[in-house]
Amino acid sequence: MTTFMSLFLLLSILMTTLAQLAAADFYKDAEITWGDQRAKILNGGRDLTLSLDQASGSGFQSKNEYLFGRFDMQLKLVPGNSAGTVTTFYLSSQGAGHDEIDFEFLGNSSGSPYTIHTNVFAQGKGNKEQQFQLWFDPTSSFHTYSIVWNPQRIIFLVDNNPIRVFNNQESIGVPFPKSQHMRVYASLWNADDWATQGGRVKTDWTKAPFTAYYRNFNIKGCPKSSTGSSSCGSSTASSDNEGWRTHELDAAGRNRLRWVQSKHMVYNYCSDKQRFANAVPAECKRSRFL
Ligand SMILES: *[C@@H]1O[C@H](CO)[C@@H](O)[C@H](O)[C@H]1NC(C)=O
């Protein structure tokens, strides 16, 4: 072997190791909370699968709770006939008056598109749904779904494309999640009473078990310390790790968001005049993007 080749080999081993260090470890950072053997951590903590059969679904949560951060997850959704199934990746606090930031993936019959359902709860109140259909098949390969949560705004991203921005508009009386720690949750469960085409299409149990794939769970945020306050590990601070704190859309981001919202949004609570009896929520009047 030439020196050049061995150097190259060494470099590629080093780079693979670094890439593995960067992604979180499901053994270290998450715990399976329900579904017994239906949830499996694989490949030394790099991958996690959830499955659903007629008896139960399954789920996991992060060990830590966070107050602000950026949360990335790669997901490959249940393929084929996924009607009736719901796959989730969300943040939630516990107890009464809870805060929550949701990504839910509503399955569909073979050949019909998944719906991405998003919502934001602050102090127990939600009713801020926006739904999208994707510009790719989310069951054929992994894609990255991210939640950026800082004191100014919440941004939902798909493969780094912003699909929704929920700004902090406390100044006009709209509650915003900013004082309760949240944990990351993920689950696969049966919701065929409502999920697919309004509950008309049921889960086909002859196709069970259904499986969803998670990997590259990546959290840059402020975990709750043992004293109950938040600590944002300044030892690892770098512009790359800290960008989420001030993340906002630049011109390219705004263009991308406009494209997603005009071409791929299938429901927007802000346009649902019937539901709100012509009195749309205050935040809807402020932003073109809500
Ligand atoms: C499923 O596909 C139908 C069209 O075939 C669509 O109307 C519906 O919104 C899709 N998603 C869900 C969750 O029902």
# chains A, B, ... in the order shown; residues from 1 in each chain; ligands from 1
call {"tool": "residues_around", "arguments": {"residues": "region 210-227 of chain A", "least_positions_apart": "4", "cutoff": "7 Å", "atoms": "only C-alpha atoms", "output": "PyMOL selection string"}}
result
chain A and resi 23-24+46-53+64-78+231-232+241
call {"tool": "closest_atom_pairs", "arguments": {"of": "chain A", "to": "ligand 1", "cutoff": "7 Å", "atoms": "only C-alpha atoms and all ligand atoms", "output": "tab-separated table"}}
result
residue	atom	partner	partner_atom_place_in_ligand_line	distance
A:Leu106	CA	ligand 1	13 (C)	4.8
A:Gly107	CA	ligand 1	13 (C)	5.7
A:Asn108	CA	ligand 1	1 (C)	4.9
A:Ser109	CA	ligand 1	1 (C)	6.7
A:Ser112	CA	ligand 1	2 (O)	4.4
A:Pro113	CA	ligand 1	2 (O)	5.2
A:Tyr114	CA	ligand 1	11 (N)	5.3
A:Thr115	CA	ligand 1	13 (C)	5.0
A:Ala195	CA	ligand 1	13 (C)	5.6
A:Thr196	CA	ligand 1	14 (O)	3.7
A:Gln197	CA	ligand 1	14 (O)	3.4
A:Gly198	CA	ligand 1	14 (O)	6.4
call {"tool": "select_by_dssp", "arguments": {"residues": "region 94-210 of chain A", "states": "helix (DSSP H, G or I)", "output": "list in words"}}
result
Glu170, Ser171, Ile172, Gln197, Gly198, Gly199, Trp205, Thr206 and Lys207 of chain A
call {"tool": "closest_atom_pairs", "arguments": {"of": "region 76-129 of chain A", "to": "region 59-62 of chain A", "cutoff": "12 Å", "atoms": "only C-alpha atoms", "output": "Markdown table"}}
result
| residue | atom | partner | partner_atom | distance |
| --- | --- | --- | --- | --- |
| A:Val86 | CA | A:Gly59 | CA | 11.6 |
| A:Thr87 | CA | A:Gly59 | CA | 9.5 |
| A:Thr88 | CA | A:Gly59 | CA | 9.0 |
| A:Phe89 | CA | A:Gln61 | CA | 9.5 |
| A:Tyr90 | CA | A:Gln61 | CA | 9.5 |
| A:Leu91 | CA | A:Gln61 | CA | 9.3 |
| A:Ser92 | CA | A:Gln61 | CA | 10.1 |
| A:Ser93 | CA | A:Gln61 | CA | 11.7 |
call {"tool": "select_by_dssp", "arguments": {"residues": "region 43-257 of chain A", "states": "strand (DSSP E)", "output": "PyMOL selection string"}}
result
chain A and resi 47-52+58-76+85-92+100-106+115-121+130-132+143-149+153-158+161-167+182-190+210-223
call {"tool": "write_last_selection", "arguments": {"atoms": "C-alpha atoms", "output": "compact mmCIF listing (two decimals), in the first residue's frame"}}
result
# COMPACT_ATOMS: atom_id res chain seq x y z
CA ASP A 47 -30.96 3.28 14.75
CA LEU A 48 -34.31 2.73 16.36
CA THR A 49 -37.41 1.03 14.97
CA LEU A 50 -40.96 1.26 16.26
CA SER A 51 -43.66 -1.18 15.31
CA LEU A 52 -47.39 -1.50 15.62
CA SER A 58 -44.71 1.56 20.71
CA GLY A 59 -42.78 4.65 21.65
CA PHE A 60 -39.73 6.25 23.19
CA GLN A 61 -38.73 9.54 24.82
CA SER A 62 -35.56 11.51 25.45
CA LYS A 63 -33.97 11.04 28.85
CA ASN A 64 -33.42 14.77 29.21
CA GLU A 65 -35.87 17.64 29.23
CA TYR A 66 -34.98 20.86 27.43
CA LEU A 67 -35.81 24.53 27.49
CA PHE A 68 -35.15 25.60 23.88
CA GLY A 69 -32.97 23.91 21.32
CA ARG A 70 -32.78 22.35 17.91
CA PHE A 71 -34.11 18.80 17.58
CA ASP A 72 -33.38 16.81 14.42
CA MET A 73 -34.59 13.32 13.61
CA GLN A 74 -34.30 11.26 10.49
CA LEU A 75 -37.36 9.17 9.75
CA LYS A 76 -38.44 6.61 7.21
CA THR A 85 -51.31 4.56 11.45
CA VAL A 86 -49.80 7.68 12.98
CA THR A 87 -46.05 8.14 13.42
CA THR A 88 -44.96 10.99 15.69
CA PHE A 89 -41.95 13.10 16.65
CA TYR A 90 -42.79 15.90 19.09
CA LEU A 91 -41.81 17.90 22.14
CA SER A 92 -44.03 18.10 25.21
CA GLU A 100 -46.25 20.95 22.99
CA ILE A 101 -44.71 21.21 19.50
CA ASP A 102 -45.88 18.46 17.14
CA PHE A 103 -44.92 16.63 14.01
CA GLU A 104 -47.42 13.84 13.26
CA PHE A 105 -47.34 11.73 10.11
CA LEU A 106 -50.77 10.47 9.14
CA THR A 115 -50.14 14.13 5.60
CA ILE A 116 -47.74 15.95 7.92
CA HIS A 117 -49.74 17.43 10.74
CA THR A 118 -48.16 20.23 12.82
CA ASN A 119 -49.47 21.97 15.92
CA VAL A 120 -48.26 24.21 18.75
CA PHE A 121 -49.71 24.13 22.27
CA GLN A 130 -51.25 23.28 9.75
CA GLN A 131 -50.99 20.26 7.46
CA PHE A 132 -48.75 19.54 4.50
CA HIS A 143 -35.49 12.45 5.52
CA THR A 144 -34.68 14.93 8.27
CA TYR A 145 -37.47 16.55 10.29
CA SER A 146 -36.43 19.35 12.64
CA ILE A 147 -37.91 21.56 15.30
CA VAL A 148 -36.06 24.80 16.12
CA TRP A 149 -37.37 26.33 19.33
CA ARG A 153 -39.98 31.59 17.35
CA ILE A 154 -40.58 27.96 16.49
CA ILE A 155 -39.53 26.72 13.06
CA PHE A 156 -40.56 23.37 11.56
CA LEU A 157 -38.14 22.12 8.88
CA VAL A 158 -38.12 19.21 6.45
CA ASN A 161 -36.61 23.58 4.24
CA PRO A 162 -38.76 25.67 6.58
CA ILE A 163 -42.39 24.57 6.28
CA ARG A 164 -43.83 26.59 9.16
CA VAL A 165 -42.83 29.43 11.46
CA PHE A 166 -44.69 30.21 14.67
CA ASN A 167 -43.50 33.55 16.01
CA MET A 182 -40.03 19.72 27.21
CA ARG A 183 -38.99 16.17 26.45
CA VAL A 184 -38.73 14.65 22.97
CA TYR A 185 -41.30 11.93 22.28
CA ALA A 186 -41.81 9.56 19.34
CA SER A 187 -44.41 6.90 18.75
CA LEU A 188 -46.20 4.70 16.26
CA TRP A 189 -49.83 4.00 17.06
CA ASN A 190 -53.22 3.14 15.63
CA PHE A 210 -46.12 -1.89 10.67
CA THR A 211 -42.64 -0.43 11.16
CA ALA A 212 -41.24 3.12 11.21
CA TYR A 213 -37.49 3.81 11.24
CA TYR A 214 -35.68 6.51 13.24
CA ARG A 215 -32.01 7.47 13.12
CA ASN A 216 -29.52 10.31 13.64
CA PHE A 217 -31.39 11.76 16.58
CA ASN A 218 -29.56 15.02 17.14
CA ILE A 219 -30.21 17.52 19.91
CA LYS A 220 -28.50 20.87 20.36
CA GLY A 221 -30.20 22.46 23.27
CA CYS A 222 -30.42 23.33 26.90
CA PRO A 223 -31.05 20.23 29.04
